[in-house]
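Student: My file is model-v2.csv. It has CSV, C-alpha atoms and all ligand atoms:
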chain,number,residue,atom,x,y,z
N,1,MET,CA,48.4,-141.6,-185.5
N,2,ASP,CA,47.8,-138.6,-183.2
N,3,ALA,CA,47.9,-139.7,-179.6
N,4,GLU,CA,46.3,-136.5,-178.5
N,5,ALA,CA,43.1,-137.0,-180.6
N,6,VAL,CA,40.1,-138.9,-179.4
N,7,PHE,CA,37.2,-139.8,-181.7
N,8,PHE,CA,33.8,-139.8,-180.1
N,9,THR,CA,30.3,-140.8,-181.3
N,10,PRO,CA,27.5,-139.8,-178.9
N,11,TRP,CA,24.9,-142.4,-177.9
N,12,ASP,CA,21.7,-141.9,-179.9
N,13,PRO,CA,18.7,-143.9,-178.6
N,14,TYR,CA,17.1,-143.8,-182.1
N,15,VAL,CA,20.1,-144.9,-184.2
N,16,ASN,CA,21.7,-148.3,-184.6
N,17,MET,CA,24.9,-147.9,-182.5
N,18,LEU,CA,26.7,-150.6,-184.5
N,19,THR,CA,26.5,-148.3,-187.5
N,20,LYS,CA,27.8,-145.4,-185.5
N,21,ALA,CA,30.6,-147.5,-184.0
N,22,ARG,CA,31.7,-148.6,-187.5
N,23,LYS,CA,31.8,-145.0,-188.7
N,24,LEU,CA,33.8,-144.1,-185.6
N,25,TYR,CA,36.5,-146.7,-186.2
N,26,GLU,CA,36.7,-145.7,-189.8
N,27,ALA,CA,37.0,-142.0,-189.0
N,28,ALA,CA,39.8,-142.8,-186.5
N,29,ASN,CA,41.5,-145.3,-188.8
N,30,LEU,CA,41.7,-147.3,-185.6
N,31,PHE,CA,42.5,-150.6,-187.0
N,32,SER,CA,45.6,-149.2,-188.9
N,33,VAL,CA,47.6,-150.7,-185.9
N,34,ILE,CA,46.9,-154.1,-187.4
N,35,GLU,CA,48.8,-155.7,-190.3
N,36,LYS,CA,47.9,-158.8,-192.3
N,37,GLY,CA,48.7,-161.9,-190.4
N,38,ASP,CA,49.0,-160.3,-187.0
N,39,LEU,CA,47.8,-162.2,-183.9
N,40,VAL,CA,45.6,-159.6,-182.3
N,41,ALA,CA,44.4,-159.6,-178.7
N,42,VAL,CA,41.1,-158.0,-178.2
N,43,LYS,CA,41.5,-157.3,-174.5
N,44,LEU,CA,38.2,-156.9,-172.6
N,45,HIS,CA,36.4,-157.6,-169.4
N,46,MET,CA,33.7,-160.2,-170.2
N,47,GLY,CA,31.7,-159.4,-167.0
N,48,GLU,CA,31.4,-161.0,-163.6
N,49,LEU,CA,28.5,-163.5,-163.5
N,50,GLY,CA,25.3,-161.7,-162.2
N,51,ASN,CA,26.4,-158.1,-163.1
N,52,PRO,CA,24.5,-157.1,-166.4
N,53,ASN,CA,26.7,-154.0,-166.9
N,54,TYR,CA,29.4,-155.2,-169.4
N,55,ILE,CA,30.0,-154.4,-173.0
N,56,ARG,CA,27.3,-156.0,-175.2
N,57,PRO,CA,28.9,-159.0,-177.1
N,58,PHE,CA,27.5,-157.8,-180.5
N,59,PHE,CA,29.8,-154.7,-180.3
N,60,ILE,CA,32.8,-157.0,-179.7
N,61,LYS,CA,31.7,-159.3,-182.6
N,62,GLN,CA,31.8,-156.3,-184.9
N,63,ILE,CA,35.3,-155.5,-183.8
N,64,ILE,CA,36.4,-159.1,-184.3
N,65,ASP,CA,34.9,-159.1,-187.8
N,66,LEU,CA,36.6,-155.8,-188.8
N,67,ILE,CA,40.0,-157.1,-187.6
N,68,LYS,CA,39.5,-160.3,-189.6
N,69,ALA,CA,38.7,-158.2,-192.7
N,70,ARG,CA,42.2,-156.8,-192.5
N,71,GLY,CA,43.6,-160.4,-192.8
N,72,ALA,CA,44.6,-160.7,-189.1
N,73,LYS,CA,43.8,-163.3,-186.5
N,74,PRO,CA,41.8,-161.7,-183.6
N,75,PHE,CA,40.9,-163.5,-180.3
N,76,LEU,CA,39.2,-162.4,-177.1
N,77,THR,CA,41.4,-162.3,-174.1
N,78,ASP,CA,41.5,-161.3,-170.4
N,79,THR,CA,43.3,-162.5,-167.2
N,80,SER,CA,42.1,-164.4,-164.2
N,81,THR,CA,41.1,-162.5,-161.0
N,82,TYR,CA,43.0,-162.7,-157.7
N,83,TYR,CA,39.7,-162.8,-155.8
N,84,PRO,CA,37.8,-166.1,-155.8
N,85,LEU,CA,34.7,-165.4,-157.8
N,86,GLU,CA,33.6,-166.7,-161.2
N,87,ARG,CA,36.7,-165.7,-163.2
N,88,SER,CA,39.5,-166.7,-160.9
N,89,ASN,CA,41.0,-169.4,-163.2
N,90,ALA,CA,40.9,-170.0,-167.0
N,91,PHE,CA,38.2,-172.7,-166.8
N,92,ASP,CA,35.8,-170.6,-164.7
N,93,TYR,CA,36.5,-167.6,-166.8
N,94,MET,CA,35.7,-169.4,-170.0
N,95,GLU,CA,32.4,-170.7,-168.5
N,96,THR,CA,31.5,-167.2,-167.4
N,97,ALA,CA,32.4,-165.7,-170.8
N,98,LEU,CA,30.2,-168.3,-172.6
N,99,ALA,CA,27.3,-167.6,-170.2
N,100,ASN,CA,27.7,-163.9,-170.9
N,101,GLY,CA,27.5,-164.4,-174.7
N,102,PHE,CA,31.2,-164.4,-175.7
N,103,GLY,CA,31.1,-167.6,-177.7
N,104,PHE,CA,31.6,-166.2,-181.2
N,105,ALA,CA,35.4,-166.0,-181.3
N,106,PRO,CA,38.4,-167.8,-180.0
N,107,LEU,CA,39.0,-167.0,-176.3
N,108,ILE,CA,42.5,-167.3,-174.7
N,109,ILE,CA,42.9,-166.6,-171.0
N,110,ALA,CA,46.2,-164.6,-171.3
N,111,ASP,CA,47.9,-165.7,-168.0
N,112,GLY,CA,47.3,-169.4,-168.3
N,113,LEU,CA,45.1,-171.9,-166.4
N,114,ASN,CA,45.9,-170.4,-163.0
N,115,SER,CA,48.1,-167.4,-163.8
N,116,GLU,CA,51.3,-169.4,-164.2
N,117,ASN,CA,51.9,-167.9,-167.7
N,118,ALA,CA,53.4,-164.5,-167.0
N,119,ILE,CA,56.7,-162.7,-167.9
N,120,PRO,CA,58.4,-160.2,-165.6
N,121,VAL,CA,59.2,-156.8,-167.2
N,122,PRO,CA,61.0,-153.8,-165.5
N,123,SER,CA,58.7,-151.3,-163.9
N,124,PRO,CA,59.1,-147.6,-164.8
N,125,ASP,CA,58.5,-146.4,-161.3
N,126,PRO,CA,59.7,-147.6,-157.8
N,127,ILE,CA,56.1,-147.9,-156.5
N,128,LEU,CA,56.2,-151.4,-158.2
N,129,PRO,CA,59.5,-153.3,-158.4
N,130,GLU,CA,58.5,-155.3,-161.4
N,131,VAL,CA,55.3,-156.1,-163.4
N,132,GLU,CA,54.4,-159.6,-164.5
N,133,VAL,CA,52.8,-159.3,-167.9
N,134,ALA,CA,50.4,-162.1,-169.0
N,135,GLY,CA,52.3,-164.4,-171.4
N,136,VAL,CA,49.8,-164.2,-174.2
N,137,ILE,CA,49.7,-160.3,-174.1
N,138,HIS,CA,53.5,-160.3,-174.1
N,139,GLN,CA,53.6,-162.4,-177.3
N,140,VAL,CA,50.9,-160.8,-179.6
N,141,GLN,CA,51.8,-158.4,-182.3
N,142,ALA,CA,48.9,-156.0,-181.8
N,143,MET,CA,46.1,-155.3,-179.3
N,144,ILE,CA,42.8,-153.6,-179.3
N,145,VAL,CA,41.9,-152.6,-175.7
N,146,VAL,CA,38.2,-152.4,-175.3
N,147,SER,CA,37.0,-151.0,-172.0
N,148,HIS,CA,33.7,-150.3,-170.3
N,149,LEU,CA,33.9,-146.9,-168.6
N,150,LYS,CA,32.4,-147.2,-165.1
N,151,GLY,CA,33.0,-146.5,-161.4
N,152,HIS,CA,35.3,-148.5,-159.2
N,153,PRO,CA,35.3,-148.6,-155.4
N,154,LEU,CA,39.1,-148.6,-155.1
N,155,THR,CA,40.4,-146.6,-158.1
N,156,GLY,CA,37.3,-144.3,-158.6
N,157,TYR,CA,36.8,-145.3,-162.1
N,158,GLY,CA,37.8,-148.1,-164.5
N,159,GLY,CA,38.7,-147.5,-168.2
N,160,ALA,CA,41.5,-148.2,-170.6
N,161,ILE,CA,44.4,-147.5,-168.1
N,162,LYS,CA,43.0,-150.0,-165.6
N,163,ASN,CA,42.2,-152.5,-168.4
N,164,LEU,CA,45.9,-152.5,-169.2
N,165,GLY,CA,47.5,-152.1,-165.8
N,166,MET,CA,45.3,-154.5,-163.8
N,167,GLY,CA,43.8,-156.5,-166.7
N,168,CYS,CA,46.9,-157.5,-168.5
N,169,VAL,CA,49.0,-158.8,-165.6
N,170,SER,CA,49.4,-161.9,-163.5
N,171,LYS,CA,47.6,-162.5,-160.2
N,172,LYS,CA,50.8,-161.8,-158.4
N,173,SER,CA,51.1,-158.4,-160.0
N,174,LYS,CA,47.4,-157.6,-159.3
N,175,LEU,CA,48.1,-158.3,-155.7
N,176,ALA,CA,51.2,-156.2,-155.7
N,177,GLN,CA,49.3,-153.3,-157.0
N,178,HIS,CA,46.6,-153.6,-154.4
N,179,ARG,CA,49.2,-153.9,-151.6
N,180,VAL,CA,50.7,-150.4,-152.2
N,181,VAL,CA,47.7,-149.4,-150.0
N,182,ASP,CA,47.8,-150.0,-146.3
N,183,ILE,CA,45.1,-151.2,-144.0
N,184,GLU,CA,44.6,-150.5,-140.3
N,185,VAL,CA,42.1,-151.2,-137.5
N,186,ASP,CA,41.1,-148.7,-134.8
N,187,GLU,CA,41.1,-150.8,-131.7
N,188,GLU,CA,39.2,-148.2,-129.8
N,189,LEU,CA,36.3,-148.6,-132.1
N,190,CYS,CA,36.4,-152.4,-132.6
N,191,GLN,CA,33.7,-154.4,-130.8
N,192,ALA,CA,35.0,-157.8,-131.7
N,193,CYS,CA,31.9,-158.7,-133.6
N,194,GLY,CA,33.7,-160.9,-136.1
N,195,SER,CA,31.9,-159.5,-139.2
N,196,CYS,CA,35.2,-158.6,-140.8
N,197,VAL,CA,36.3,-162.3,-140.6
N,198,GLU,CA,33.1,-163.5,-142.2
N,199,ALA,CA,33.3,-160.9,-145.0
N,200,CYS,CA,36.9,-161.6,-146.0
N,201,TRP,CA,37.4,-163.8,-149.1
N,202,PHE,CA,40.2,-165.6,-147.2
N,203,GLY,CA,39.1,-165.2,-143.5
N,204,LEU,CA,42.2,-163.2,-142.8
N,205,PRO,CA,41.3,-160.9,-139.9
N,206,ARG,CA,41.8,-162.5,-136.4
N,207,ILE,CA,40.0,-161.7,-133.2
N,208,GLU,CA,42.6,-161.6,-130.3
N,209,ASN,CA,41.9,-160.3,-126.8
N,210,TYR,CA,38.5,-159.1,-127.9
N,211,LYS,CA,39.9,-157.0,-130.7
N,212,ALA,CA,40.3,-157.6,-134.5
N,213,THR,CA,43.8,-157.6,-135.8
N,214,MET,CA,45.0,-157.2,-139.4
N,215,ALA,CA,48.4,-158.6,-138.9
N,216,ASP,CA,49.7,-157.9,-142.4
N,217,HIS,CA,48.9,-161.2,-144.1
N,218,PRO,CA,50.6,-161.5,-147.5
N,219,GLN,CA,47.3,-162.7,-149.0
N,220,CYS,CA,45.4,-159.5,-148.1
N,221,MET,CA,44.4,-157.6,-151.2
N,222,ARG,CA,43.0,-154.4,-149.6
N,223,CYS,CA,39.7,-155.1,-151.1
N,224,LEU,CA,37.3,-153.2,-148.7
N,225,ASN,CA,35.1,-156.2,-148.0
N,226,CYS,CA,36.1,-156.3,-144.3
N,227,SER,CA,35.9,-152.5,-144.0
N,228,SER,CA,32.4,-152.3,-145.6
N,229,ALA,CA,31.2,-155.1,-143.3
N,230,CYS,CA,32.4,-153.4,-140.1
N,231,PRO,CA,29.5,-151.9,-138.2
N,232,ALA,CA,31.8,-149.7,-136.1
N,233,GLY,CA,33.8,-148.2,-139.0
N,234,ALA,CA,37.0,-149.5,-137.4
N,235,ILE,CA,38.8,-150.6,-140.5
N,236,ARG,CA,40.2,-148.2,-143.1
N,237,LEU,CA,42.5,-148.3,-146.0
N,238,VAL,CA,45.4,-145.8,-145.9
N,239,GLY,CA,46.9,-144.2,-149.0
N,240,ARG,CA,44.2,-145.4,-151.4
N,241,SER,CA,45.3,-143.0,-154.1
N,242,ARG,CA,48.5,-145.0,-154.4
N,243,LEU,CA,46.6,-147.8,-156.1
N,244,GLY,CA,45.7,-145.5,-159.0
N,245,MET,CA,49.4,-144.7,-159.3
N,246,ALA,CA,50.4,-148.4,-159.3
N,247,VAL,CA,47.7,-149.1,-162.0
N,248,ALA,CA,49.2,-146.4,-164.2
N,249,VAL,CA,52.8,-147.8,-163.7
N,250,ALA,CA,51.6,-151.3,-164.5
N,251,ALA,CA,49.9,-150.0,-167.6
N,252,ALA,CA,53.1,-148.4,-168.8
N,253,ALA,CA,55.0,-151.6,-168.2
N,254,VAL,CA,52.4,-153.6,-170.3
N,255,LEU,CA,52.7,-151.1,-173.1
N,256,SER,CA,56.5,-151.5,-173.1
N,257,THR,CA,56.1,-155.0,-174.5
N,258,PHE,CA,54.6,-153.7,-177.7
N,259,SER,CA,56.2,-152.1,-180.7
N,260,GLU,CA,55.2,-148.5,-181.4
N,261,HIS,CA,51.7,-148.0,-183.0
N,262,LYS,CA,50.5,-151.5,-182.3
N,263,VAL,CA,47.8,-150.8,-179.7
N,264,ALA,CA,44.5,-149.0,-180.0
N,265,TYR,CA,41.7,-148.2,-177.6
N,266,ILE,CA,37.9,-148.2,-177.6
N,267,ASN,CA,35.9,-147.1,-174.5
N,268,PHE,CA,32.2,-147.8,-174.3
N,269,ALA,CA,30.4,-145.3,-172.0
N,270,HIS,CA,27.0,-147.0,-171.6
N,271,ASP,CA,25.4,-148.6,-168.6
N,272,MET,CA,27.8,-146.8,-166.3
N,273,SER,CA,27.4,-147.5,-162.7
N,274,THR,CA,29.1,-146.8,-159.4
N,275,PHE,CA,30.7,-150.3,-159.2
N,276,CYS,CA,33.0,-152.1,-161.6
N,277,ASP,CA,32.1,-155.1,-163.9
N,278,CYS,CA,34.3,-157.2,-161.6
N,279,VAL,CA,31.6,-157.6,-158.9
N,280,PRO,CA,28.4,-159.6,-159.2
N,281,PHE,CA,26.2,-156.5,-158.8
N,282,ARG,CA,26.2,-153.2,-160.7
N,283,GLY,CA,25.6,-150.5,-158.1
N,284,LYS,CA,23.7,-147.4,-158.9
N,285,PRO,CA,23.7,-145.7,-162.4
N,286,VAL,CA,26.1,-142.9,-163.1
N,287,GLY,CA,24.5,-140.6,-165.6
N,288,PRO,CA,23.0,-141.4,-169.0
N,289,ASP,CA,24.6,-143.5,-171.8
N,290,LEU,CA,27.3,-141.2,-173.4
N,291,GLY,CA,28.7,-142.9,-176.4
N,292,ILE,CA,31.8,-144.6,-177.7
N,293,PHE,CA,35.3,-143.3,-177.8
N,294,ALA,CA,38.3,-144.4,-180.0
N,295,ALA,CA,41.9,-143.4,-179.7
N,296,PHE,CA,45.6,-144.4,-179.8
N,297,SER,CA,46.4,-143.4,-176.3
N,298,PRO,CA,45.0,-144.8,-173.0
N,299,LEU,CA,45.7,-141.5,-171.3
N,300,SER,CA,43.8,-139.4,-173.9
N,301,ILE,CA,40.8,-141.8,-174.2
N,302,ASP,CA,40.3,-142.0,-170.4
N,303,ALA,CA,40.8,-138.2,-170.0
N,304,ALA,CA,38.1,-137.6,-172.7
N,305,GLY,CA,35.7,-139.9,-170.9
N,306,LEU,CA,36.3,-138.4,-167.5
N,307,GLN,CA,35.6,-134.9,-168.9
N,308,ARG,CA,32.1,-136.1,-169.7
N,309,ILE,CA,31.1,-138.0,-166.6
N,310,ASP,CA,30.4,-136.8,-163.1
N,311,TYR,CA,33.7,-138.2,-161.8
N,312,GLN,CA,33.5,-135.9,-158.7
N,313,HIS,CA,30.5,-137.9,-157.6
N,314,LEU,CA,32.6,-141.1,-157.9
N,315,ASP,CA,35.5,-139.4,-156.0
N,316,GLN,CA,33.1,-138.5,-153.2
N,317,LEU,CA,31.4,-141.9,-153.1
N,318,HIS,CA,34.5,-144.0,-153.1
N,319,ASP,CA,36.8,-141.5,-151.3
N,320,THR,CA,39.2,-141.6,-154.3
N,321,ASP,CA,40.6,-139.3,-157.0
N,322,CYS,CA,39.7,-140.5,-160.4
N,323,LEU,CA,42.2,-138.3,-162.1
N,324,ILE,CA,45.2,-140.0,-160.5
N,325,GLN,CA,45.4,-142.8,-163.2
N,326,PRO,CA,45.7,-140.4,-166.2
N,327,ARG,CA,47.8,-137.9,-164.4
N,328,TYR,CA,50.3,-140.6,-163.3
N,329,LEU,CA,50.5,-142.1,-166.7
N,330,ALA,CA,51.2,-138.6,-168.1
N,331,ARG,CA,54.0,-138.3,-165.5
N,332,LEU,CA,55.5,-141.5,-166.9
N,333,ASN,CA,55.9,-139.8,-170.3
N,334,GLN,CA,53.3,-141.9,-172.0
N,335,ALA,CA,52.0,-140.4,-175.3
N,336,GLY,CA,48.6,-138.6,-175.0
N,337,SER,CA,47.0,-135.6,-173.3
N,338,LEU,CA,45.1,-134.9,-170.2
N,339,GLU,CA,43.1,-132.4,-172.4
N,340,PRO,CA,42.7,-134.3,-175.6
N,341,LYS,CA,41.3,-132.9,-178.8
N,342,VAL,CA,37.9,-134.6,-179.2
N,343,VAL,CA,36.6,-135.1,-182.7
N,344,GLU,CA,32.8,-135.9,-182.7
N,345,ILE,CA,31.6,-138.3,-185.4
N,401,LIG,S1,41.1,-156.1,-147.2
N,401,LIG,FE1,40.0,-157.2,-145.5
N,401,LIG,S2,38.5,-158.5,-146.6
N,401,LIG,FE2,40.0,-157.8,-148.1
N,401,LIG,S3,41.6,-159.5,-148.2
N,401,LIG,FE3,42.3,-158.0,-146.7
N,401,LIG,S4,41.5,-158.7,-144.7
N,401,LIG,FE4,40.4,-159.7,-146.3
N,402,LIG,S1,33.9,-156.0,-138.1
N,402,LIG,FE1,34.8,-154.1,-137.1
N,402,LIG,S2,34.0,-154.2,-135.0
N,402,LIG,FE2,33.7,-156.2,-135.9
N,402,LIG,S3,35.5,-157.4,-135.3
N,402,LIG,FE3,36.0,-156.5,-137.3
N,402,LIG,S4,37.0,-154.6,-136.9
N,402,LIG,FE4,36.0,-155.2,-135.0
Would you put the structure from the file into structure tokens?

Tutor:
Amino acid sequence: MDAEAVFFTPWDPYVNMLTKARKLYEAANLFSVIEKGDLVAVKLHMGELGNPNYIRPFFIKQIIDLIKARGAKPFLTDTSTYYPLERSNAFDYMETALANGFGFAPLIIADGLNSENAIPVPSPDPILPEVEVAGVIHQVQAMIVVSHLKGHPLTGYGGAIKNLGMGCVSKKSKLAQHRVVDIEVDEELCQACGSCVEACWFGLPRIENYKATMADHPQCMRCLNCSSACPAGAIRLVGRSRLGMAVAVAAAAVLSTFSEHKVAYINFAHDMSTFCDCVPFRGKPVGPDLGIFAAFSPLSIDAAGLQRIDYQHLDQLHDTDCLIQPRYLARLNQAGSLEPKVVEI
């Protein structure tokens, strides 16, 4: 298994992409990470309700069938969100997954009914003191991480690294990652309009003496809702790039729970938009459908995808640096390359 190699099949509007996907997985020998009898987590984001930009269920069904053909036991999995939308506990997530077409395989929400099933593991970097890995992810023998490449307002982009670091941990660890970023209000600019209070999931900002205050409430997840709603531009996040670092650190911690050569990655680069699958709208398109990537390293597969999309546009739009996640993962001595060898199928 060459961690520096990435297999790629371009999107062809006149060819059945299921056929191309199958050839891609075969060429990469991707499912060699799976042995007969393994419990295999197929880790993916099954889409927030209302946002049509998530991986088509038939691609996932094909992956499930190919894993079963190896005599293993695959199931779909993801974790609950910290923010209170349609996937914030196991019940709501399962209803959303069914509505989005993921009713063809067993589905296990990896961190329990309300994120109580998580196991702390040591963090490889002081930016996070520890990482709580979802209990089910901690227990499986093998994992196929299937990610939709797209933009993200806080980390610039989302792909395999974010699917691991943010997607395989408890709500507590999700919050800890977000809170490596700071938030501040410019009192000179604040007009005490109250829009930030209305926009916050949890109603956290307070208006005191005709000014908004962001007294550092432990529930605040640095989500940008208040900042985006502020007509005066008075609220800003400080040190946003630290979130990409924290995501990479959490990804490395998740991987530390697996034996060597037991995790493989597939990135789908279609229906890419400026916003992530985690919001109930898709934002604007980011370039044409590119294709499907397969690899044995989250670092290599994300780097290969970023080489082919206009990530500078995402950096500008979201005031972020998309390259931080792969660069920081490389700094943590994870296998893979920032300039992977791409083999086109
Ligand atoms: S960043 Fe703003 S909107 Fe988001 S949780 Fe914190 S106070 Fe609320
Ligand atoms: S939305 Fe902006 S201007 Fe309005 S109260 Fe909040 S910080 Fe002040």

Student: What lies within 10 Å of Met245 (chain N) using all atoms listed in the file, ignoring chain neighbours under 5 positions off, as a list in words?

Tutor: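 Contacts, in chain order: Asp125, Ile127, Leu128, Thr155, Gln177, Val180, Arg240, Ala250, Ala251, Ile324, Gln325, Pro326, Arg327, Tyr328 and Leu329 of chain N.
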
Student: Neighbouring residues of ligand LIG 401 (chain N) are defined here as those with any atom at most 6 Å from a ligand atom, counting all atoms listed in the file; list them as a PyMOL selection string.

Tutor: chain N and resi 199-202+204-205+220-226

Student: Report, in Å to a single decimal, how far apart CA of Gly305 (chain N) and CA of Ile67 (chain N) are.

Tutor: 24.4 Å

Student: Would you mind listing the residues within 10 Å of ligand LIG 402 (chain N), counting only C-alpha atoms and all ligand atoms, as a count of residues only?

Tutor: 37

Student: Go ahead and compute the interatomic distance for CA of Asp310 (chain N) and CA of Pro285 (chain N), in Å to one decimal.

Tutor: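 Computing it gives 11.2 Å between the two atoms.
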
Student: By how many Å are CA of Ser241 (chain N) and CA of Ala215 (chain N) apart?

Tutor: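 Going from CA of Ser241 (chain N) over to CA of Ala215 (chain N) covers 22.0 Å.
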
Student: Would you mind telling me which residue in N:Ala248, N:Cys276, N:Val342, N:Ala294 lies nearest to Ala330 (chain N) when using all atoms listed in the file?

Tutor: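 Closest candidate: N:Ala248.
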
Student: For the interface of region 50-117 of chain N with region 13-22 of chain N (cut-off 12 Å, counting all atoms listed in the file), please tabulate each contacting residue of region 50-117 of chain N alongside its nearest pair of atoms and their separation in Å to one decimal, rows sorted by chain and increasing number, as CSV.

Tutor:
residue,atom,partner,partner_atom,distance
N:Arg56,CA,N:Leu18,CA,10.8
N:Pro57,CA,N:Leu18,CA,11.4
N:Phe58,CA,N:Leu18,CA,8.3
N:Phe59,CA,N:Leu18,CA,6.6
N:Ile60,CA,N:Leu18,CA,10.1
N:Lys61,CA,N:Leu18,CA,10.2
N:Gln62,CA,N:Leu18,CA,7.7
N:Ile63,CA,N:Arg22,CA,8.6
N:Ile64,CA,N:Arg22,CA,11.9
N:Asp65,CA,N:Arg22,CA,11.0
N:Leu66,CA,N:Arg22,CA,8.8
N:Ile67,CA,N:Arg22,CA,11.9

Student: Using all atoms listed in the file for the distances, tell me which of N:Leu44, N:Leu154, N:Ala69, N:Ala176 is nearest to Pro218 (chain N).

Tutor: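 The answer is N:Ala176, which sits nearest to Pro218 (chain N).
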
Student: Neighbouring residues of Val343 (chain N) were defined as those with any atom within 7 Å, considering all atoms listed in the file; residues of the same chain fewer than 2 positions away were excluded. Please report them as an MDAnalysis selection string.

Tutor: chainID N and resid 6:8 341 345

Student: Closest to Ala28 (chain N) among N:Ala264, N:Val279, N:Leu98, N:Leu338, using all atoms listed in the file?

Tutor: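 Checking each of N:Ala264, N:Val279, N:Leu98, N:Leu338 against Ala28 (chain N), counting all atoms listed in the file, the winner is N:Ala264.
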
Student: Write out as a list in words the residues lying within 9 Å of Ala160 (chain N), counting all atoms listed in the file and excluding same-chain residues fewer than 6 positions away.

Tutor: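 Within the cut-off, the hits are Val145, Val146, Ser147, His148, Leu149, Tyr265, Ile266, Asn267, Ser297, Pro298, Leu299, Ile301 and Asp302 of chain N.
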
Student: Taking only C-alpha atoms into account, name the residue in N:Ile55, N:Met143, N:Ala97, N:Ile109 that is nearest to Ala41 (chain N).

Tutor: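 Closest residue, counting only C-alpha atoms: N:Met143.
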
Student: Here is a test: counting all atoms listed in the file, which residue of N:Leu306, N:Ala335, N:Val42, N:Ala5 is nearest to Gly159 (chain N)?

Tutor: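 Of the candidates, the smallest distance to Gly159 (chain N) is held by N:Leu306.
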
Student: Which is closest to Tyr82 (chain N) among N:Ser173, N:Asn51, N:Gln141, N:Gln307, if we use all atoms listed in the file?

Tutor: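 The closest residue to Tyr82 (chain N) is N:Ser173.
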
Student: With all atoms listed in the file as the counted atoms, please give the residues lying no more than 9 Å from Cys168 (chain N), apart from itself and same-chain residues fewer than 5 positions off, as a list in words.

Tutor: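 Everything that qualifies: Lys43, Asp78, Thr79, Ala110, Asp111, Glu132, Val133, Ala134, Ile137, Lys162, Asn163, Ala250, Ala251 and Val254 of chain N.
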